[in-house]
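Chemist: For reference, this is coords_33.pdb, and it has PDB, C-alpha atoms and all ligand atoms.
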ATOM      1  CA  MET A  76      10.881  -3.865 -37.110
ATOM      2  CA  ASN A  77       7.419  -3.781 -35.507
ATOM      3  CA  GLY A  78       8.526  -1.931 -32.365
ATOM      4  CA  ASP A  79      10.431  -3.416 -29.468
ATOM      5  CA  SER A  80       8.595  -6.244 -27.760
ATOM      6  CA  ILE A  81      11.258  -6.377 -25.059
ATOM      7  CA  ASP A  82      10.705  -2.790 -23.922
ATOM      8  CA  ALA A  83       6.949  -3.298 -24.184
ATOM      9  CA  TYR A  84       6.977  -6.276 -21.790
ATOM     10  CA  GLU A  85       9.480  -4.769 -19.388
ATOM     11  CA  THR A  86       7.368  -1.608 -19.168
ATOM     12  CA  HIS A  87       4.163  -3.583 -18.594
ATOM     13  CA  ALA A  88       5.686  -6.467 -16.630
ATOM     14  CA  ARG A  89       3.618  -5.970 -13.455
ATOM     15  CA  ALA A  90       0.361  -5.641 -15.367
ATOM     16  CA  PHE A  91       1.222  -8.751 -17.371
ATOM     17  CA  LEU A  92       1.932 -10.775 -14.222
ATOM     18  CA  ALA A  93      -1.263  -9.601 -12.554
ATOM     19  CA  ALA A  94      -3.291 -10.966 -15.452
ATOM     20  CA  ARG A  95      -1.272 -14.039 -16.503
ATOM     21  CA  ASP A  96      -0.650 -15.396 -12.996
ATOM     22  CA  ARG A  97      -4.383 -15.968 -12.612
ATOM     23  CA  SER A  98      -4.884 -17.352 -16.117
ATOM     24  CA  THR A  99      -5.116 -21.011 -17.033
ATOM     25  CA  VAL A 100      -5.434 -20.341 -20.769
ATOM     26  CA  GLY A 101      -3.370 -22.873 -22.690
ATOM     27  CA  VAL A 102      -2.663 -25.172 -19.758
ATOM     28  CA  ALA A 103      -4.529 -28.123 -21.269
ATOM     29  CA  VAL A 104      -2.655 -27.851 -24.581
ATOM     30  CA  VAL A 105       0.726 -27.494 -22.861
ATOM     31  CA  LYS A 106      -0.061 -30.386 -20.517
ATOM     32  CA  ARG A 107      -1.000 -32.638 -23.425
ATOM     33  CA  TRP A 108       2.225 -31.736 -25.272
ATOM     34  CA  ALA A 109       4.325 -32.209 -22.119
ATOM     35  CA  ARG A 110       2.858 -35.662 -21.561
ATOM     36  CA  SER A 111       3.857 -36.639 -25.121
ATOM     37  CA  LEU A 112       7.546 -36.019 -24.319
ATOM     38  CA  PRO A 113       9.904 -38.606 -22.807
ATOM     39  CA  ALA A 114       9.976 -38.688 -19.007
ATOM     40  CA  GLY A 115      12.444 -36.147 -17.644
ATOM     41  CA  ALA A 116      12.947 -34.515 -21.054
ATOM     42  CA  GLU A 117      15.015 -31.334 -21.092
ATOM     43  CA  VAL A 118      12.981 -28.398 -22.403
ATOM     44  CA  LEU A 119      14.089 -24.922 -23.431
ATOM     45  CA  GLU A 120      11.374 -22.343 -22.788
ATOM     46  CA  ILE A 121      11.887 -19.093 -24.727
ATOM     47  CA  GLY A 122       9.815 -16.129 -23.516
ATOM     48  CA  CYS A 123       9.024 -17.769 -20.183
ATOM     49  CA  GLY A 124       7.571 -14.643 -18.556
ATOM     50  CA  GLY A 125       6.842 -15.150 -14.873
ATOM     51  CA  GLY A 126       6.440 -18.894 -15.319
ATOM     52  CA  TYR A 127       2.751 -19.163 -14.373
ATOM     53  CA  PRO A 128       0.991 -21.122 -15.725
ATOM     54  CA  VAL A 129       3.219 -22.539 -18.506
ATOM     55  CA  THR A 130       6.476 -23.351 -16.699
ATOM     56  CA  ARG A 131       4.489 -24.598 -13.704
ATOM     57  CA  THR A 132       2.724 -27.048 -16.024
ATOM     58  CA  LEU A 133       6.000 -28.264 -17.555
ATOM     59  CA  VAL A 134       7.666 -28.744 -14.168
ATOM     60  CA  ASP A 135       4.623 -30.526 -12.773
ATOM     61  CA  ALA A 136       4.858 -32.905 -15.760
ATOM     62  CA  GLY A 137       8.353 -33.869 -14.626
ATOM     63  CA  LEU A 138      10.231 -31.998 -17.360
ATOM     64  CA  ARG A 139      13.563 -30.249 -16.788
ATOM     65  CA  VAL A 140      13.107 -26.641 -17.887
ATOM     66  CA  PHE A 141      15.782 -24.163 -19.010
ATOM     67  CA  ALA A 142      14.317 -20.678 -19.395
ATOM     68  CA  VAL A 143      15.022 -17.549 -21.446
ATOM     69  CA  ASP A 144      13.278 -14.178 -21.296
ATOM     70  CA  ALA A 145      14.373 -10.652 -22.162
ATOM     71  CA  SER A 146      12.499  -8.856 -19.373
ATOM     72  CA  PRO A 147      14.616  -8.458 -16.200
ATOM     73  CA  THR A 148      11.487  -7.859 -14.105
ATOM     74  CA  LEU A 149       9.720 -10.985 -15.377
ATOM     75  CA  LEU A 150      12.810 -13.164 -15.142
ATOM     76  CA  THR A 151      13.518 -11.991 -11.577
ATOM     77  CA  GLU A 152       9.974 -13.033 -10.651
ATOM     78  CA  PHE A 153      10.472 -16.316 -12.504
ATOM     79  CA  ALA A 154      13.723 -17.039 -10.610
ATOM     80  CA  ALA A 155      12.017 -16.392  -7.274
ATOM     81  CA  ARG A 156       9.316 -18.901  -8.208
ATOM     82  CA  PHE A 157      11.623 -21.515  -9.724
ATOM     83  CA  PRO A 158      14.997 -21.012  -8.007
ATOM     84  CA  ASP A 159      16.384 -24.344  -9.211
ATOM     85  CA  LEU A 160      15.802 -23.722 -12.913
ATOM     86  CA  PRO A 161      18.612 -22.335 -15.110
ATOM     87  CA  THR A 162      17.749 -18.953 -16.674
ATOM     88  CA  GLU A 163      19.164 -16.550 -19.234
ATOM     89  CA  CYS A 164      18.008 -12.931 -19.499
ATOM     90  CA  ALA A 165      18.415 -12.175 -23.182
ATOM     91  CA  ALA A 166      16.580 -11.420 -26.391
ATOM     92  CA  ALA A 167      15.442 -14.508 -28.251
ATOM     93  CA  GLN A 168      17.207 -13.109 -31.313
ATOM     94  CA  THR A 169      20.642 -13.218 -29.645
ATOM     95  CA  ALA A 170      20.330 -15.540 -26.626
ATOM     96  CA  ALA A 171      23.007 -18.195 -26.123
ATOM     97  CA  CYS A 172      20.273 -20.649 -25.111
ATOM     98  CA  PHE A 173      22.760 -22.492 -22.910
ATOM     99  CA  ALA A 174      24.827 -23.395 -26.012
ATOM    100  CA  ARG A 175      23.364 -26.877 -26.298
ATOM    101  CA  GLN A 176      20.479 -28.788 -27.805
ATOM    102  CA  PHE A 177      17.266 -29.876 -26.085
ATOM    103  CA  ASP A 178      14.681 -32.621 -26.288
ATOM    104  CA  ALA A 179      12.043 -29.936 -26.752
ATOM    105  CA  VAL A 180      11.642 -26.178 -27.216
ATOM    106  CA  ILE A 181       8.547 -24.169 -26.279
ATOM    107  CA  ALA A 182       7.684 -20.523 -26.991
ATOM    108  CA  ILE A 183       4.222 -19.419 -25.886
ATOM    109  CA  GLY A 184       3.132 -15.888 -26.740
ATOM    110  CA  LEU A 185       6.440 -14.885 -28.303
ATOM    111  CA  VAL A 186       6.840 -15.562 -32.029
ATOM    112  CA  PHE A 187       4.160 -13.118 -33.202
ATOM    113  CA  LEU A 188       5.699 -10.304 -31.139
ATOM    114  CA  LEU A 189       8.658 -10.262 -33.544
ATOM    115  CA  ASP A 190       8.941  -8.825 -37.043
ATOM    116  CA  ALA A 191       8.804 -11.179 -40.031
ATOM    117  CA  ASP A 192      12.571 -11.578 -40.404
ATOM    118  CA  ASP A 193      13.060 -12.238 -36.686
ATOM    119  CA  GLN A 194      10.201 -14.778 -36.698
ATOM    120  CA  ALA A 195      11.850 -16.661 -39.560
ATOM    121  CA  ALA A 196      15.221 -16.558 -37.812
ATOM    122  CA  LEU A 197      13.705 -17.732 -34.508
ATOM    123  CA  ILE A 198      11.957 -20.685 -36.139
ATOM    124  CA  GLU A 199      15.237 -21.683 -37.770
ATOM    125  CA  ARG A 200      17.034 -21.261 -34.440
ATOM    126  CA  MET A 201      14.465 -23.304 -32.537
ATOM    127  CA  ALA A 202      14.974 -26.133 -35.038
ATOM    128  CA  THR A 203      18.741 -26.100 -34.545
ATOM    129  CA  LEU A 204      18.232 -26.155 -30.765
ATOM    130  CA  LEU A 205      16.350 -29.445 -31.066
ATOM    131  CA  VAL A 206      17.936 -32.866 -31.150
ATOM    132  CA  ALA A 207      16.822 -35.034 -34.084
ATOM    133  CA  GLY A 208      13.284 -36.128 -33.324
ATOM    134  CA  GLY A 209      12.944 -33.323 -30.765
ATOM    135  CA  ARG A 210       9.622 -31.539 -30.332
ATOM    136  CA  GLY A 211       8.592 -27.909 -30.466
ATOM    137  CA  LEU A 212       5.488 -26.003 -29.425
ATOM    138  CA  PHE A 213       4.812 -22.359 -30.218
ATOM    139  CA  THR A 214       1.778 -20.130 -30.491
ATOM    140  CA  ALA A 215       0.889 -18.132 -33.597
ATOM    141  CA  PRO A 216      -2.382 -17.782 -35.470
ATOM    142  CA  LEU A 217      -3.361 -19.884 -38.473
ATOM    143  CA  GLU A 218      -4.440 -16.770 -40.371
ATOM    144  CA  PRO A 219      -2.043 -14.006 -41.424
ATOM    145  CA  GLY A 220      -2.756 -10.646 -39.827
ATOM    146  CA  THR A 221      -1.863  -7.915 -37.380
ATOM    147  CA  TRP A 222      -3.320  -6.823 -34.045
ATOM    148  CA  ALA A 223      -2.403  -4.958 -30.871
ATOM    149  CA  ASP A 224      -1.182  -7.042 -27.919
ATOM    150  CA  VAL A 225      -3.787  -6.794 -25.131
ATOM    151  CA  THR A 226      -1.351  -6.139 -22.269
ATOM    152  CA  THR A 227       1.216  -3.912 -23.933
ATOM    153  CA  GLY A 228      -0.355  -2.501 -27.092
ATOM    154  CA  HIS A 229       2.612  -3.885 -29.005
ATOM    155  CA  ALA A 230       1.992  -4.452 -32.738
ATOM    156  CA  CYS A 231       1.757  -8.214 -33.307
ATOM    157  CA  LEU A 232       2.191  -9.988 -36.636
ATOM    158  CA  SER A 233       0.989 -13.392 -37.776
ATOM    159  CA  LEU A 234       2.648 -14.782 -40.897
ATOM    160  CA  GLY A 235      -0.114 -17.387 -41.196
ATOM    161  CA  GLU A 236      -0.086 -21.169 -41.402
ATOM    162  CA  ALA A 237       1.199 -21.392 -44.980
ATOM    163  CA  ARG A 238       4.280 -19.281 -44.219
ATOM    164  CA  TYR A 239       4.933 -20.944 -40.844
ATOM    165  CA  SER A 240       4.670 -24.313 -42.560
ATOM    166  CA  THR A 241       7.191 -23.255 -45.227
ATOM    167  CA  LEU A 242       9.571 -21.929 -42.590
ATOM    168  CA  LEU A 243       9.262 -25.065 -40.480
ATOM    169  CA  HIS A 244       9.837 -27.420 -43.392
ATOM    170  CA  GLY A 245      12.817 -25.343 -44.503
ATOM    171  CA  ALA A 246      14.229 -25.669 -41.003
ATOM    172  CA  GLY A 247      13.856 -29.440 -41.055
ATOM    173  CA  CYS A 248      10.660 -29.713 -39.011
ATOM    174  CA  ARG A 249       7.244 -31.235 -39.623
ATOM    175  CA  ILE A 250       3.979 -30.064 -38.131
ATOM    176  CA  VAL A 251       2.644 -32.807 -35.861
ATOM    177  CA  ALA A 252      -0.610 -30.958 -35.218
ATOM    178  CA  THR A 253      -2.160 -27.567 -34.722
ATOM    179  CA  ARG A 254      -4.311 -27.105 -31.646
ATOM    180  CA  ALA A 255      -6.546 -24.371 -30.238
ATOM    181  CA  ASP A 256      -6.990 -23.416 -26.593
ATOM    182  CA  GLU A 257      -9.995 -21.949 -24.784
ATOM    183  CA  GLY A 258      -8.770 -18.453 -25.674
ATOM    184  CA  ARG A 259      -8.739 -19.369 -29.380
ATOM    185  CA  ASN A 260      -4.957 -19.185 -29.492
ATOM    186  CA  ASN A 261      -3.372 -21.532 -32.025
ATOM    187  CA  TYR A 262      -0.447 -23.833 -31.208
ATOM    188  CA  TYR A 263       1.977 -25.375 -33.679
ATOM    189  CA  ASP A 264       3.149 -28.745 -32.333
ATOM    190  CA  VAL A 265       6.231 -29.628 -34.382
ATOM    191  CA  GLN A 266       9.024 -32.180 -34.606
ATOM    192  CA  ARG A 267      12.531 -31.901 -35.965
ATOM    193  CA  VAL A 268      13.183 -34.373 -38.757
ATOM    194  CA  GLU A 269      16.000 -34.639 -41.238
ATOM    195  CA  ARG A 270      16.347 -31.762 -43.706
ATOM    196  CA  SER A 271      15.231 -32.687 -47.219
TER     197      SER A 271
HETATM  198  C1  LIG B   1       2.888 -12.861 -23.963
HETATM  199  S1  LIG B   1       4.226 -13.034 -22.859
HETATM  200  C2  LIG B   1       4.215 -14.831 -22.645
HETATM  201  C3  LIG B   1       4.939 -15.283 -21.417
HETATM  202  C4  LIG B   1       4.759 -16.784 -21.119
HETATM  203  N1  LIG B   1       5.282 -17.606 -22.193
HETATM  204  C5  LIG B   1       3.299 -17.113 -20.874
HETATM  205  O1  LIG B   1       2.683 -17.814 -21.696
HETATM  206  O2  LIG B   1       2.782 -16.664 -19.849
HETATM  207  C6  LIG B   1       5.634 -12.765 -23.895
HETATM  208  C7  LIG B   1       6.963 -12.962 -23.206
HETATM  209  O3  LIG B   1       8.000 -12.840 -24.172
HETATM  210  C8  LIG B   1       9.023 -11.998 -23.650
HETATM  211  N2  LIG B   1       9.654 -11.363 -24.797
HETATM  212  C9  LIG B   1       9.150 -10.409 -25.604
HETATM  213  N3  LIG B   1      10.003 -10.155 -26.598
HETATM  214  C10 LIG B   1      11.070 -10.965 -26.412
HETATM  215  C11 LIG B   1      12.282 -11.158 -27.114
HETATM  216  N4  LIG B   1      12.560 -10.481 -28.225
HETATM  217  N5  LIG B   1      13.161 -12.076 -26.641
HETATM  218  C12 LIG B   1      12.864 -12.778 -25.508
HETATM  219  N6  LIG B   1      11.741 -12.629 -24.798
HETATM  220  C13 LIG B   1      10.851 -11.731 -25.262
HETATM  221  C14 LIG B   1       8.328 -11.050 -22.719
HETATM  222  O4  LIG B   1       9.203 -10.506 -21.768
HETATM  223  C15 LIG B   1       7.262 -11.947 -22.125
HETATM  224  O5  LIG B   1       7.734 -12.637 -20.995
END
Kindly return the structure encoded in the file as structure tokens.

Modeler:
Amino acid sequence: MNGDSIDAYETHARAFLAARDRSTVGVAVVKRWARSLPAGAEVLEIGCGGGYPVTRTLVDAGLRVFAVDASPTLLTEFAARFPDLPTECAAAQTAACFARQFDAVIAIGLVFLLDADDQAALIERMATLLVAGGRGLFTAPLEPGTWADVTTGHACLSLGEARYSTLLHGAGCRIVATRADEGRNNYYDVQRVERS
């Protein structure tokens, strides 16, 4: 396992909020994806952080967000900002995720924090959380590689587009598009289809 991303974010929660609350990186990509969903779609957000700017963008688009994050500090802040939204404080690897399926699942800044096995398991899990035809959006680079997370120093891991594509197809999903934001982060926009 490449360290514990949960401890890393809980330890650096205040520093993360101070930086991310002021950031608009990714908003345009998330807004575009949100607008492609049915009106009032129910969306599971895994790794929601403090909710600014991603959850804010989803809510402003009229989507109904259910949120999961493992950091008590970040989720407490999130709940203060979005008191009407259902939340679960749990690791993505073991979260109940409200024990239901969703029209869409989004995970921004999360997948590459996990080790390779947990990334594969999370992609499979996200697929099962989607209704047929449901949409997913997650960030991970196109190229394989490793780097240190800017806020926490946590060791991040990209499996690369070829491996993510294999995992997604194996989980019954197709890649609708890949998109880049102003911070050069890559987004996989995916859809659940029937398993082959
Ligand atoms: C880079 S931040 C992104 C937060 C938010 N999605 C955003 O774009 O501002 C990563 C988030 O994932 C959460 N996280 C890290 N490891 C996790 C895990 N194993 N399960 C659930 N959440 C996790 C952290 O607490 C943090 O909120």

Chemist: With the file shown as input, list the residues that the PyMOL selection byres (((chain A and resi 114) around 9) and not hetatm) selects, as number ranges by chain.

Modeler: A: 110-113, 115-116, 136-138

Chemist: At a cut-off of 7 Å around ligand LIG 1 (chain B), and using only C-alpha atoms and all ligand atoms, what residues come up? Please write them as a list in words.

Modeler: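 Protein and nucleic-acid residues within 7 Å of ligand LIG 1 (chain B): Ser80, Ile81, Tyr84, Glu85, Arg95, Ile121, Gly122, Cys123, Gly124, Gly125, Gly126, Tyr127, Pro128, Val129, Val143, Asp144, Ala145, Ser146, Leu149, Ala165, Ala166, Ala167, Gln168, Ala182, Ile183, Gly184, Leu185, Leu188 and Leu189 of chain A.
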
Chemist: Provide the CA of Tyr263 in chain A to CA of Gly235 in chain A distance in Å, to one decimal place.

Modeler: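 These atoms are spaced 11.2 Å apart.
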
Chemist: Leaving out Phe177 in chain A and any residue of its chain fewer than 6 positions from it, which residues lie within 6 Å of it when counting all atoms listed in the file, given as number ranges by chain?

Modeler: A: 117-118, 205-206

Chemist: Can you work out which one of A:Asp79, A:Glu199, A:Asp193, A:Glu152 has the shortest atom-to-atom distance to Leu234 in chain A, counting all atoms listed in the file?

Modeler: A:Asp193

Chemist: With the file shown as input, list the residues that the PyMOL selection byres (((chain A and resi 100-108) around 10) and not hetatm) selects, as an MDAnalysis selection string.

Modeler: chainID A and resid 95 97:99 109:112 127:133 135:136 181 183 210:214 254:262 264

Chemist: Using only C-alpha atoms, which residue out of A:Ala142, A:Ala94, A:Ala154, A:Leu119 lies closest to Val180 in chain A?

Modeler: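 Among the listed residues, A:Leu119 lies closest to Val180 in chain A.
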
Chemist: Written as a list in words, which residues does the PyMOL selection byres (((chain A and resi 172) around 8) and not hetatm) give for the file shown?

Modeler: Leu119, Val143, Glu163, Ala170, Ala171, Phe173, Ala174 and Arg175 of chain A

Chemist: For a quick check of understanding, using only C-alpha atoms, which of A:Asp190, A:Val134, A:His244, A:Glu120 has the smallest distance to Thr221 in chain A?

Modeler: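 Smallest separation from Thr221 in chain A among the options: A:Asp190.
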
Chemist: Grab the CA of Ala93 in chain A to CA of His229 in chain A distance for me, in Å with one decimal place.

Modeler: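 Atom-to-atom, CA of Ala93 in chain A and CA of His229 in chain A are spaced 17.8 Å apart.
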
Chemist: Report the distance between CA of Ala83 in chain A and CA of Thr169 in chain A in Å, rounded to one decimal place.

Modeler: 17.8 Å

Chemist: So that I can see what lies close to Ser233 in chain A, please list as a compact mmCIF listing (two decimals) with C-alpha atoms, keeping the file's coordinate frame the residues with an atom at most 9 Å from it, counting all atoms listed in the file and leaving out residues fewer than 2 positions away in the same chain.

Modeler:
# COMPACT_ATOMS: atom_id res chain seq x y z
CA VAL A 186 6.84 -15.56 -32.03
CA PHE A 187 4.16 -13.12 -33.20
CA LEU A 188 5.70 -10.30 -31.14
CA ALA A 191 8.80 -11.18 -40.03
CA ALA A 215 0.89 -18.13 -33.60
CA PRO A 216 -2.38 -17.78 -35.47
CA LEU A 217 -3.36 -19.88 -38.47
CA GLU A 218 -4.44 -16.77 -40.37
CA PRO A 219 -2.04 -14.01 -41.42
CA GLY A 220 -2.76 -10.65 -39.83
CA THR A 221 -1.86 -7.92 -37.38
CA TRP A 222 -3.32 -6.82 -34.04
CA CYS A 231 1.76 -8.21 -33.31
CA GLY A 235 -0.11 -17.39 -41.20
CA GLU A 236 -0.09 -21.17 -41.40

Chemist: Applying 10 Å and all atoms listed in the file, which residues near Ala246 in chain A remain after dropping the ones on its own chain fewer than 3 positions away? List them as a list of chain:residue names.

Modeler: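 Listing them by chain and then by number gives A:Ala195, A:Ala196, A:Ile198, A:Glu199, A:Arg200, A:Met201, A:Ala202, A:Thr203, A:Ser240, A:Thr241, A:Leu242, A:Leu243, A:Arg249, A:Arg267, A:Val268, A:Glu269, A:Arg270, A:Ser271.
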
Chemist: For Gln266 in chain A, which of A:Gly209, A:Gly228, A:Pro147, A:Pro158 is the closest residue, counting all atoms listed in the file?

Modeler: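 Residue with the minimum atom-to-atom distance to Gln266 in chain A: A:Gly209.
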
Chemist: Return the single residue from A:Thr162, A:Ala223, A:Tyr239, A:Thr148 that is closest to Ala90 in chain A, with distances computed using all atoms listed in the file.

Modeler: A:Thr148

Chemist: From the options A:Gln194, A:Val251, A:Val140, A:Arg89, which residue's atoms come nearest to Leu232 in chain A, counting all atoms listed in the file?

Modeler: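 Looking only at the distances to Leu232 in chain A, the closest residue turns out to be A:Gln194.
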